[in-house]
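*Asks:* My structure is stored as entry_33.cif, with mmCIF, C-alpha atoms and all ligand atoms.
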```
data_upload
loop_
_atom_site.label_atom_id
_atom_site.label_comp_id
_atom_site.auth_asym_id
_atom_site.auth_seq_id
_atom_site.Cartn_x
_atom_site.Cartn_y
_atom_site.Cartn_z
CA MET A 242 -18.16 66.44 57.48
CA PHE A 243 -21.65 67.81 56.71
CA PHE A 244 -20.90 71.43 57.61
CA SER A 245 -17.17 71.65 56.99
CA SER A 246 -15.89 74.17 54.48
CA LYS A 247 -14.65 73.06 51.07
CA TRP A 248 -11.08 71.89 50.56
CA ASN A 249 -9.01 74.59 48.85
CA PRO A 250 -5.71 73.63 47.20
CA GLU A 251 -4.35 77.19 46.99
CA GLY A 252 -0.83 77.31 48.43
CA LEU A 253 -0.85 73.55 49.10
CA HIS A 254 1.58 71.06 47.61
CA CYS A 255 -0.24 68.59 45.36
CA TYR A 256 1.61 65.54 44.04
CA ILE A 257 0.05 63.95 40.95
CA THR A 258 1.30 60.62 39.65
CA GLY A 259 0.57 60.11 35.96
CA GLY A 260 0.44 63.89 35.64
CA SER A 261 1.97 64.03 32.17
CA THR A 262 -1.09 63.01 30.13
CA GLY A 263 -4.81 62.27 30.34
CA LEU A 264 -6.65 62.64 33.62
CA GLY A 265 -3.49 63.41 35.60
CA LEU A 266 -2.49 66.26 33.30
CA SER A 267 -5.98 67.79 33.34
CA LEU A 268 -5.97 67.61 37.11
CA ALA A 269 -2.48 69.14 37.29
CA ILE A 270 -3.66 72.04 35.13
CA LEU A 271 -6.76 72.54 37.28
CA LEU A 272 -4.78 72.54 40.53
CA THR A 273 -2.17 74.89 39.06
CA GLN A 274 -4.93 77.28 38.00
CA LYS A 275 -6.20 77.18 41.57
CA GLY A 276 -2.82 78.23 42.93
CA ALA A 277 -1.40 74.95 44.22
CA HIS A 278 2.26 73.94 44.14
CA VAL A 279 2.15 71.03 41.71
CA SER A 280 4.56 68.11 41.26
CA ILE A 281 3.97 65.55 38.54
CA VAL A 282 5.61 62.16 38.08
CA ALA A 283 5.51 59.78 35.09
CA ARG A 284 8.11 57.85 33.10
CA ASN A 285 8.46 59.54 29.71
CA GLN A 286 10.59 62.69 30.04
CA GLU A 287 9.42 64.29 26.82
CA LYS A 288 5.76 64.12 27.85
CA LEU A 289 6.70 65.47 31.28
CA ASP A 290 8.46 68.45 29.67
CA THR A 291 5.44 69.23 27.49
CA ALA A 292 3.13 68.91 30.48
CA LEU A 293 5.28 71.21 32.61
CA THR A 294 5.16 73.86 29.87
CA ARG A 295 1.37 73.66 29.96
CA LEU A 296 1.40 74.09 33.75
CA GLU A 297 3.71 77.10 33.51
CA GLU A 298 1.21 78.74 31.14
CA VAL A 299 -1.61 78.62 33.69
CA ARG A 300 0.19 79.41 36.92
CA LYS A 301 -1.70 81.81 39.19
CA SER A 302 1.29 83.33 40.94
CA SER A 303 5.06 83.45 40.61
CA GLU A 304 5.33 81.83 44.05
CA GLN A 305 3.99 78.48 42.86
CA ILE A 306 6.53 75.66 42.68
CA LEU A 307 5.79 73.56 39.57
CA LYS A 308 7.95 70.48 39.01
CA ALA A 309 8.09 67.31 36.92
CA TYR A 310 10.10 64.15 37.64
CA SER A 311 10.66 60.95 35.72
CA PHE A 312 10.16 57.76 37.72
CA SER A 313 8.54 54.40 37.18
CA LEU A 314 6.13 53.77 40.05
CA ASN A 315 5.91 50.01 39.66
CA THR A 316 7.80 49.14 42.84
CA ALA A 317 7.78 50.28 46.47
CA LYS A 318 11.39 51.39 46.22
CA ASP A 319 10.93 53.53 43.12
CA SER A 320 7.70 55.02 44.44
CA ALA A 321 9.45 56.01 47.67
CA ALA A 322 12.31 57.53 45.65
CA ALA A 323 9.81 59.50 43.55
CA LEU A 324 8.14 60.82 46.70
CA GLU A 325 11.47 61.85 48.15
CA ALA A 326 12.36 63.77 44.98
CA VAL A 327 8.97 65.46 44.93
CA CYS A 328 9.36 66.59 48.56
CA ALA A 329 12.91 67.94 48.20
CA PRO A 330 11.95 71.48 47.06
CA HIS A 331 9.46 71.59 49.96
CA ASN A 332 12.04 71.09 52.73
CA GLY A 333 11.39 67.37 52.66
CA GLN A 334 7.83 67.86 53.90
CA SER A 335 5.19 65.45 52.69
CA PRO A 336 2.75 66.78 50.07
CA ASP A 337 -0.61 68.09 51.31
CA ALA A 338 -2.45 66.00 48.75
CA ILE A 339 -1.44 63.00 46.68
CA PHE A 340 -3.40 62.13 43.56
CA ALA A 341 -2.47 58.66 42.31
CA CYS A 342 -3.64 58.87 38.70
CA ALA A 343 -0.95 56.69 37.08
CA GLY A 344 -2.26 53.54 35.48
CA ALA A 345 -2.82 51.63 32.27
CA SER A 346 -4.94 48.80 30.93
CA LYS A 347 -4.69 46.11 28.28
CA PRO A 348 -8.09 44.58 27.57
CA MET A 349 -7.88 41.09 26.02
CA PHE A 350 -9.62 37.74 26.13
CA PHE A 351 -8.61 35.77 29.24
CA VAL A 352 -7.71 32.62 27.31
CA GLU A 353 -5.34 34.57 25.08
CA MET A 354 -3.32 36.12 27.89
CA GLU A 355 0.16 35.19 28.99
CA GLU A 356 1.12 35.04 32.65
CA GLN A 357 2.87 38.39 32.16
CA ASP A 358 -0.34 40.08 31.00
CA MET A 359 -2.06 39.11 34.24
CA THR A 360 0.77 40.24 36.50
CA ASP A 361 1.30 43.44 34.49
CA GLY A 362 -2.41 44.18 34.92
CA MET A 363 -2.04 44.11 38.68
CA THR A 364 1.10 46.24 38.54
CA SER A 365 -0.27 48.95 36.28
CA GLY A 366 -3.77 48.88 37.77
CA TYR A 367 -3.03 48.44 41.48
CA TRP A 368 0.60 48.51 42.62
CA VAL A 369 1.43 51.65 40.64
CA GLN A 370 -0.97 53.50 42.96
CA ALA A 371 -0.72 51.40 46.12
CA TRP A 372 3.06 51.88 46.45
CA THR A 373 2.72 55.65 46.29
CA ALA A 374 0.16 55.55 49.10
CA PHE A 375 2.43 53.13 51.00
CA ALA A 376 5.33 55.60 50.88
CA ALA A 377 3.18 58.67 51.46
CA ALA A 378 1.19 57.36 54.44
CA LYS A 379 4.38 56.38 56.27
CA GLN A 380 5.93 59.76 55.57
CA MET A 381 2.85 61.74 56.62
CA ALA A 382 2.43 59.70 59.80
CA ARG A 383 6.13 60.09 60.67
CA GLN A 384 6.10 63.82 60.01
CA GLN A 385 2.73 64.12 61.78
CA ARG A 386 1.33 66.02 58.83
CA LYS A 387 -2.29 65.74 57.82
CA GLY A 388 -3.23 65.44 54.19
CA LYS A 389 -5.08 63.60 51.48
CA ILE A 390 -4.49 60.49 49.43
CA VAL A 391 -6.66 60.09 46.34
CA PHE A 392 -6.76 56.90 44.25
CA VAL A 393 -8.13 56.52 40.74
CA SER A 394 -10.07 53.31 40.15
CA SER A 395 -12.68 52.97 37.38
CA THR A 396 -16.32 52.06 36.73
CA LEU A 397 -14.65 48.66 36.37
CA GLY A 398 -13.72 48.87 40.06
CA TYR A 399 -17.42 48.35 40.84
CA MET A 400 -18.51 45.92 38.12
CA SER A 401 -17.05 44.13 35.15
CA PHE A 402 -17.65 42.22 31.95
CA LEU A 403 -15.63 40.31 29.37
CA GLY A 404 -12.22 41.52 28.33
CA TRP A 405 -11.15 43.12 31.60
CA SER A 406 -9.68 40.15 33.52
CA SER A 407 -6.23 41.71 33.96
CA TYR A 408 -7.54 45.17 34.88
CA SER A 409 -10.86 45.05 36.71
CA PRO A 410 -9.50 42.96 39.63
CA ALA A 411 -6.77 45.58 40.14
CA LYS A 412 -9.32 48.39 40.16
CA HIS A 413 -11.53 46.44 42.59
CA ALA A 414 -8.46 46.04 44.78
CA LEU A 415 -8.04 49.82 44.88
CA ARG A 416 -11.53 50.04 46.27
CA GLY A 417 -10.56 47.61 49.02
CA LEU A 418 -7.47 49.63 49.78
CA THR A 419 -9.47 52.86 49.85
CA ASP A 420 -12.02 51.47 52.30
CA THR A 421 -9.27 50.09 54.53
CA LEU A 422 -7.13 53.21 54.53
CA GLN A 423 -10.10 55.55 54.84
CA SER A 424 -10.61 53.90 58.20
CA GLU A 425 -7.00 53.33 59.27
CA LEU A 426 -5.44 56.62 58.22
CA MET A 427 -7.98 58.51 60.34
CA LEU A 428 -5.45 57.69 63.06
CA TYR A 429 -3.19 60.32 61.49
CA GLY A 430 -5.75 62.78 60.14
CA ILE A 431 -5.21 61.64 56.55
CA ASP A 432 -8.29 61.70 54.31
CA VAL A 433 -8.59 58.98 51.69
CA HIS A 434 -10.66 59.26 48.52
CA CYS A 435 -11.11 57.19 45.38
CA PHE A 436 -12.37 58.35 42.01
CA PHE A 437 -14.22 55.87 39.75
CA PRO A 438 -14.16 57.34 36.23
CA PRO A 439 -16.05 55.90 33.26
CA THR A 440 -14.46 55.92 29.79
CA MET A 441 -12.21 58.96 29.43
CA PHE A 442 -10.95 60.09 26.05
CA THR A 443 -7.24 60.20 26.82
CA PRO A 444 -3.99 58.95 25.26
CA GLY A 445 -4.31 55.90 27.53
CA TYR A 446 -7.73 55.17 26.04
CA ASP A 447 -6.27 55.18 22.52
CA VAL A 448 -3.63 52.66 23.65
CA GLU A 449 -6.13 50.28 25.26
CA ASN A 450 -8.26 50.38 22.11
CA GLU A 451 -5.38 48.77 20.20
CA THR A 452 -5.98 45.45 22.00
CA LYS A 453 -9.65 45.85 22.94
CA PRO A 454 -11.85 43.15 21.38
CA LYS A 455 -14.68 44.50 19.23
CA ILE A 456 -17.37 43.04 21.45
CA VAL A 457 -15.91 44.82 24.49
CA ARG A 458 -16.06 48.13 22.65
CA GLU A 459 -19.66 47.40 21.71
CA ILE A 460 -20.69 46.71 25.31
CA GLU A 461 -18.88 49.83 26.49
CA SER A 462 -20.66 52.01 23.97
CA THR A 463 -23.56 52.54 26.43
CA ASP A 464 -21.11 54.74 28.30
CA ASP A 465 -20.85 58.19 26.68
CA GLY A 466 -17.50 58.87 28.28
CA LEU A 467 -15.94 62.04 29.61
CA THR A 468 -13.11 64.25 28.43
CA ALA A 469 -10.09 64.29 30.72
CA ASP A 470 -11.00 67.85 31.76
CA GLN A 471 -14.56 66.87 32.69
CA ALA A 472 -13.26 63.92 34.68
CA ALA A 473 -10.63 66.01 36.47
CA LEU A 474 -13.29 68.51 37.48
CA ALA A 475 -15.54 65.74 38.81
CA LEU A 476 -12.64 64.31 40.80
CA PHE A 477 -11.78 67.74 42.18
CA ARG A 478 -15.38 68.51 43.17
CA GLY A 479 -15.65 65.20 45.00
CA VAL A 480 -12.44 65.83 46.92
CA GLU A 481 -13.54 69.40 47.61
CA CYS A 482 -16.72 68.08 49.24
CA GLY A 483 -14.97 65.31 51.15
CA GLN A 484 -16.58 62.39 49.31
CA VAL A 485 -14.73 59.09 49.83
CA HIS A 486 -16.08 57.32 46.72
CA ILE A 487 -16.27 59.85 43.90
CA THR A 488 -18.21 59.33 40.67
CA GLY A 489 -18.71 61.82 37.87
CA ASP A 490 -21.29 60.17 35.61
CA LEU A 491 -24.72 58.59 36.05
CA ILE A 492 -23.79 54.99 35.18
CA THR A 493 -20.96 54.81 37.69
CA THR A 494 -23.08 56.58 40.29
CA LEU A 495 -25.65 53.78 39.89
CA PHE A 496 -22.96 51.16 40.46
CA ARG A 497 -21.46 53.12 43.34
CA SER A 498 -24.81 53.35 45.09
CA SER A 499 -25.78 49.74 44.47
CA THR A 500 -22.45 48.23 45.54
CA ARG A 501 -21.72 50.62 48.39
CA GLY A 502 -21.47 47.96 51.13
CA ALA A 503 -20.03 49.70 54.18
CA SER A 504 -18.35 52.49 52.18
CA PRO A 505 -19.31 56.00 53.30
CA ARG A 506 -22.27 57.41 51.38
CA ASN A 507 -22.27 60.72 49.53
CA ASN A 508 -25.93 61.63 49.91
CA TRP A 509 -28.22 59.53 52.09
CA ILE A 510 -31.33 60.20 50.06
CA MET A 511 -29.95 60.27 46.52
CA ASP A 512 -27.75 57.20 47.03
CA GLY A 513 -30.86 55.27 48.11
CA LEU A 514 -32.76 56.40 45.03
CA TYR A 515 -29.84 55.50 42.75
CA ASP A 516 -29.62 52.13 44.47
CA PHE A 517 -33.28 51.51 43.72
CA ALA A 518 -32.90 52.62 40.07
CA ALA A 519 -29.93 50.25 39.71
CA TYR A 520 -31.93 47.44 41.33
CA ILE A 521 -34.31 47.66 38.39
CA ALA A 522 -31.89 48.60 35.60
CA THR A 523 -28.86 46.40 36.28
CA PRO A 524 -30.51 42.99 35.68
CA ILE A 525 -31.96 44.27 32.40
CA TRP A 526 -28.56 45.51 31.28
CA ARG A 527 -26.98 42.26 32.48
CA MET A 528 -29.36 40.20 30.34
CA SER A 529 -28.54 42.27 27.27
CA VAL A 530 -24.80 41.79 27.85
CA ASP A 531 -25.18 38.05 28.40
CA SER A 532 -27.14 37.66 25.19
CA LYS A 533 -24.56 39.70 23.24
CA VAL A 534 -21.79 37.47 24.58
CA VAL A 535 -23.63 34.27 23.76
CA ALA A 536 -24.46 35.56 20.28
CA HIS A 537 -20.75 36.22 19.80
CA ARG A 538 -19.70 32.58 20.41
CA GLU A 539 -19.47 31.51 16.78
CA GLU A 540 -17.57 34.57 15.64
CA HIS A 541 -15.23 34.23 18.62
CA ARG A 542 -14.52 30.55 17.90
CA GLU A 543 -13.66 31.50 14.33
CA TYR A 544 -11.41 34.31 15.58
CA LEU A 545 -9.54 31.92 17.89
CA ARG A 546 -9.24 29.35 15.11
CA GLN A 547 -7.69 31.91 12.78
CA LYS A 548 -5.19 32.88 15.45
CA GLY A 549 -4.15 29.25 15.78
CA PHE A 550 -5.44 28.97 19.35
CA PHE A 551 -6.68 25.40 18.92
CA GLY A 552 -3.26 24.23 17.77
N1 LIG A 601 -9.10 56.36 30.03
C1 LIG A 601 -10.07 55.63 30.55
O1 LIG A 601 -11.01 55.25 29.86
C2 LIG A 601 -10.05 55.30 32.00
C3 LIG A 601 -8.91 55.35 32.78
N2 LIG A 601 -8.98 55.03 34.12
C4 LIG A 601 -7.80 55.17 34.98
O2 LIG A 601 -7.51 56.56 35.12
C5 LIG A 601 -6.11 56.75 35.27
C6 LIG A 601 -5.62 57.73 34.22
O3 LIG A 601 -5.89 57.19 32.96
P1 LIG A 601 -5.63 57.97 31.60
O4 LIG A 601 -5.57 59.42 31.86
O5 LIG A 601 -6.57 57.42 30.61
O6 LIG A 601 -4.18 57.41 31.23
P2 LIG A 601 -3.01 57.98 30.30
O7 LIG A 601 -2.33 56.79 29.72
O8 LIG A 601 -3.48 59.03 29.39
O9 LIG A 601 -2.03 58.62 31.39
C7 LIG A 601 -1.42 57.79 32.33
C8 LIG A 601 -0.35 58.55 33.06
O10 LIG A 601 0.28 57.69 33.99
C9 LIG A 601 1.67 57.58 33.71
N3 LIG A 601 2.06 56.21 34.05
C10 LIG A 601 1.50 55.07 33.61
N4 LIG A 601 2.11 54.01 34.13
C11 LIG A 601 3.09 54.49 34.94
C12 LIG A 601 4.08 53.87 35.74
N5 LIG A 601 4.18 52.55 35.80
N6 LIG A 601 4.92 54.67 36.44
C13 LIG A 601 4.82 56.01 36.36
N7 LIG A 601 3.90 56.63 35.61
C14 LIG A 601 3.06 55.89 34.90
C15 LIG A 601 1.77 57.92 32.21
O11 LIG A 601 3.03 58.40 31.80
P3 LIG A 601 4.22 57.42 31.28
O12 LIG A 601 3.59 56.38 30.41
O13 LIG A 601 5.17 58.32 30.59
O14 LIG A 601 4.81 56.84 32.53
C16 LIG A 601 0.75 59.04 32.16
O15 LIG A 601 1.29 60.23 32.71
C17 LIG A 601 -5.49 55.36 35.17
O16 LIG A 601 -5.29 54.89 36.48
C18 LIG A 601 -6.54 54.54 34.45
O17 LIG A 601 -6.47 53.18 34.77
C19 LIG A 601 -10.14 54.68 34.71
C20 LIG A 601 -11.29 54.62 33.99
C21 LIG A 601 -11.34 54.91 32.59
C1 LIG A 602 -27.13 50.21 35.83
C2 LIG A 602 -27.59 50.02 34.48
C3 LIG A 602 -26.84 50.72 33.38
C4 LIG A 602 -25.75 49.90 32.89
C5 LIG A 602 -24.96 50.48 31.76
C6 LIG A 602 -23.61 49.91 31.81
C7 LIG A 602 -22.72 50.35 30.72
C8 LIG A 602 -21.36 49.79 30.91
C9 LIG A 602 -20.34 50.83 30.87
C10 LIG A 602 -19.00 50.30 31.16
C11 LIG A 602 -18.01 51.35 31.11
C12 LIG A 602 -16.66 50.82 31.28
C13 LIG A 602 -15.73 51.92 31.51
C14 LIG A 602 -14.34 51.43 31.45
C15 LIG A 602 -13.38 52.48 31.86
C16 LIG A 602 -12.01 51.93 32.00
O1 LIG A 602 -11.56 51.77 33.09
C17 LIG A 602 -11.27 51.55 30.78
N1 LIG A 602 -11.45 52.50 29.73
C18 LIG A 602 -9.82 51.31 31.10
O2 LIG A 602 -9.06 52.47 31.10
#
```
Now, as a test, write the supplied structure out as structure tokens.
*Replies:*
Amino acid sequence: MFFSSKWNPEGLHCYITGGSTGLGLSLAILLTQKGAHVSIVARNQEKLDTALTRLEEVRKSSEQILKAYSFSLNTAKDSAAALEAVCAPHNGQSPDAIFACAGASKPMFFVEMEEQDMTDGMTSGYWVQAWTAFAAAKQMARQQRKGKIVFVSSTLGYMSFLGWSSYSPAKHALRGLTDTLQSELMLYGIDVHCFFPPTMFTPGYDVENETKPKIVREIESTDDGLTADQAALALFRGVECGQVHITGDLITTLFRSSTRGASPRNNWIMDGLYDFAAYIATPIWRMSVDSKVVAHREEHREYLRQKGFFG
């Protein structure tokens, strides 16, 4: 891996789930500009149409096949159907690279959640990506075609704090799936990567802010955030260089390095230095978060009382 040339998407078929807005759209634009055949899948047809228009505007050659399809990716069956549709204009051949960007979050206090909030969190944080990989890996292995599968986790796939109980476990699970498949899919020459973005200013971010408790926002404010374009570029660069765990900002890089376990490293020297920096910085940050949470107790009790939580 050290001396191999960079991955180049030109002329390759890239399938992007969640390609109609946010990170997925920025990535679709980037890959189209680089000359890839791009297929995007999401649910809302109108947003898909707008996204496809944007892709058409940046195509590099008239040969590129640019397509958009409406599917929900919440189940194995629908994800397999989406993959089949995406492959149809390519003689049924599996895509060369799959970018599973689809996902959503609904930050809330744990004690306020319904059962449905917890199960939805796992669906829109984990299954929505896992089922695509499930369908794609089988297809690639059957067709004996090499390729790439890229997941999108989050900083919250490495660490967590209050408010994220329906989402962070799903993003941690994607890390587990990445590390498993990175090993297992070597059997078929399939590379597996996972991107761990920090806050990204996307339509999805605006939606999550509707339910996000104030104190969660406050704790997150240490993170400057990235635009969708910046994040897409970081993801692309990581894939280009063959990194398995990809991070595009300092904070997440600190958590990546300090929680790396047996995951492949990106840079043996730098990851060690980041690990050491995190060894010092994380407990200090942790203490500040804990004290903010404790200081919030009274206000929180009052908030719950007003919402009738105590009956
Ligand atoms: N924004 C942030 O701060 C961060 C986001 N992330 C993760 O990055 C990824 C992209 O996020 P972001 O760009 O903000 O999200 P957006 O909400 O802006 O875009 C999400 C995309 O996924 C599609 N999508 C969502 N759910 C489904 C589904 N069940 N089936 C099919 N398509 C679906 C959406 O279209 P439609 O709704 O029409 O289906 C849309 O195209 C997500 O996995 C998210 O969890 C990680 C860290 C930070
Ligand atoms: C090592 C010492 C430094 C510690 C600083 C830590 C700052 C915490 C930043 C938390 C950022 C959370 C991003 C959430 C992104 C996400 O996934 C949601 N927006 C859902 O979409």
*Asks:* Using all atoms listed in the file, what are the residues with an atom within 6 Å of ligand LIG 602 (chain A), set out as a PDB file with C-alpha atoms, in the frame of the given file?
*Replies:*
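Okay, this is what ended up in out.pdb:
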```pdb
ATOM      1  CA  SER A 346      -4.940  48.800  30.930  1.00  0.00           C
ATOM      2  CA  SER A 395     -12.680  52.970  37.380  1.00  0.00           C
ATOM      3  CA  THR A 396     -16.320  52.060  36.730  1.00  0.00           C
ATOM      4  CA  LEU A 397     -14.650  48.660  36.370  1.00  0.00           C
ATOM      5  CA  PRO A 439     -16.050  55.900  33.260  1.00  0.00           C
ATOM      6  CA  THR A 440     -14.460  55.920  29.790  1.00  0.00           C
ATOM      7  CA  TYR A 446      -7.730  55.170  26.040  1.00  0.00           C
ATOM      8  CA  GLU A 461     -18.880  49.830  26.490  1.00  0.00           C
ATOM      9  CA  THR A 463     -23.560  52.540  26.430  1.00  0.00           C
ATOM     10  CA  ASP A 464     -21.110  54.740  28.300  1.00  0.00           C
ATOM     11  CA  ILE A 492     -23.790  54.990  35.180  1.00  0.00           C
ATOM     12  CA  LEU A 495     -25.650  53.780  39.890  1.00  0.00           C
ATOM     13  CA  ALA A 519     -29.930  50.250  39.710  1.00  0.00           C
ATOM     14  CA  ALA A 522     -31.890  48.600  35.600  1.00  0.00           C
ATOM     15  CA  THR A 523     -28.860  46.400  36.280  1.00  0.00           C
ATOM     16  CA  TRP A 526     -28.560  45.510  31.280  1.00  0.00           C
TER      17      TRP A 526
END
```
*Asks:* Name all residues at most 9 Å from region 267-272 of chain A (count all atoms listed in the file; drop same-chain ones fewer than 5 positions away) and give them as a list in words.
*Replies:*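 Skipping anything fewer than 5 positions along the chain leaves Pro250, Glu251, Cys255, Tyr256, Ile257, Gly260, Ser261, Thr262, Ala277, His278, Val279, Ser280, Ile281, Ala292, Arg295, Leu296, Val299, Arg300, Phe340, Ala469, Asp470, Gln471, Ala472, Ala473, Leu474, Leu476 and Phe477 of chain A.
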*Asks:* Using the selection just defined, write its residues with C-alpha atoms as a PDB file, in the frame of the given file.
*Replies:*
```pdb
ATOM      1  CA  PRO A 250      -5.710  73.630  47.200  1.00  0.00           C
ATOM      2  CA  GLU A 251      -4.350  77.190  46.990  1.00  0.00           C
ATOM      3  CA  CYS A 255      -0.240  68.590  45.360  1.00  0.00           C
ATOM      4  CA  TYR A 256       1.610  65.540  44.040  1.00  0.00           C
ATOM      5  CA  ILE A 257       0.050  63.950  40.950  1.00  0.00           C
ATOM      6  CA  GLY A 260       0.440  63.890  35.640  1.00  0.00           C
ATOM      7  CA  SER A 261       1.970  64.030  32.170  1.00  0.00           C
ATOM      8  CA  THR A 262      -1.090  63.010  30.130  1.00  0.00           C
ATOM      9  CA  ALA A 277      -1.400  74.950  44.220  1.00  0.00           C
ATOM     10  CA  HIS A 278       2.260  73.940  44.140  1.00  0.00           C
ATOM     11  CA  VAL A 279       2.150  71.030  41.710  1.00  0.00           C
ATOM     12  CA  SER A 280       4.560  68.110  41.260  1.00  0.00           C
ATOM     13  CA  ILE A 281       3.970  65.550  38.540  1.00  0.00           C
ATOM     14  CA  ALA A 292       3.130  68.910  30.480  1.00  0.00           C
ATOM     15  CA  ARG A 295       1.370  73.660  29.960  1.00  0.00           C
ATOM     16  CA  LEU A 296       1.400  74.090  33.750  1.00  0.00           C
ATOM     17  CA  VAL A 299      -1.610  78.620  33.690  1.00  0.00           C
ATOM     18  CA  ARG A 300       0.190  79.410  36.920  1.00  0.00           C
ATOM     19  CA  PHE A 340      -3.400  62.130  43.560  1.00  0.00           C
ATOM     20  CA  ALA A 469     -10.090  64.290  30.720  1.00  0.00           C
ATOM     21  CA  ASP A 470     -11.000  67.850  31.760  1.00  0.00           C
ATOM     22  CA  GLN A 471     -14.560  66.870  32.690  1.00  0.00           C
ATOM     23  CA  ALA A 472     -13.260  63.920  34.680  1.00  0.00           C
ATOM     24  CA  ALA A 473     -10.630  66.010  36.470  1.00  0.00           C
ATOM     25  CA  LEU A 474     -13.290  68.510  37.480  1.00  0.00           C
ATOM     26  CA  LEU A 476     -12.640  64.310  40.800  1.00  0.00           C
ATOM     27  CA  PHE A 477     -11.780  67.740  42.180  1.00  0.00           C
TER      28      PHE A 477
END
```
*Asks:* Return as a PyMOL selection string the residues of protein, DNA or RNA that approach ligand LIG 601 (chain A) to within 8 Å, with all atoms listed in the file taken into account.
*Replies:* chain A and resi 258-266+282-286+288-289+311-315+341-346+364-366+369-370+393-397+412+437-446+448+466+469
*Asks:* Do you have the CA of Arg538 (chain A)-CA of Met359 (chain A) distance handy?
*Replies:* 23.3 Å
*Asks:* Just checking: using all atoms listed in the file, which residue out of A:Asp319, A:Glu298, A:Asp531, A:Asp337 ends up closest to Asn249 (chain A)?
*Replies:* A:Asp337
*Asks:* Rank nothing, just name the residue among A:Ile525, A:Ser303, A:Thr421, A:Trp372 nearest to Ser320 (chain A), using only C-alpha atoms.
*Replies:*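 Between A:Ile525, A:Ser303, A:Thr421, A:Trp372, the residue approaching Ser320 (chain A) most closely is A:Trp372.
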*Asks:* Do a neighbour search on Lys455 (chain A) at 12 Å with all atoms listed in the file, toss out local chain neighbours closer than 2 positions, and write the hits as a ChimeraX atom specification.
*Replies:* /A:348-350,403-404,449-453,457-462,533-534,537,540-541,544
*Asks:* For Val485 (chain A), which of A:Thr419, A:Ser529, A:Ser498, A:Ser409 is the closest residue, counting all atoms listed in the file?
*Replies:*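 Of A:Thr419, A:Ser529, A:Ser498, A:Ser409, the one nearest Val485 (chain A), counting all atoms listed in the file, is A:Thr419.
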*Asks:* Which is closest to Thr291 (chain A) among A:Gly489, A:Lys308, A:Gly502, A:Phe392, if we use all atoms listed in the file?
*Replies:* A:Lys308
*Asks:* To one decimal place, how far is CA of Arg506 (chain A) from CA of Gln484 (chain A) in Å?
*Replies:* 7.8 Å
*Asks:* I'd like the interatomic distance between CA of Trp248 (chain A) and CA of Glu481 (chain A), to a tenth of an Å.
*Replies:* 4.6 Å
*Asks:* Please provide the set of residues having any atom within 12 Å of Ser499 (chain A), restricted to only C-alpha atoms, with same-chain residues fewer than 6 positions apart removed, written as a ChimeraX atom specification.
*Replies:* /A:399-400,492-493,506,511-523
*Asks:* For a quick check of understanding, using all atoms listed in the file, which of A:Thr316, A:Ile487, A:Ser532, A:Val480 has the smallest distance to Ser246 (chain A)?
*Replies:* A:Val480
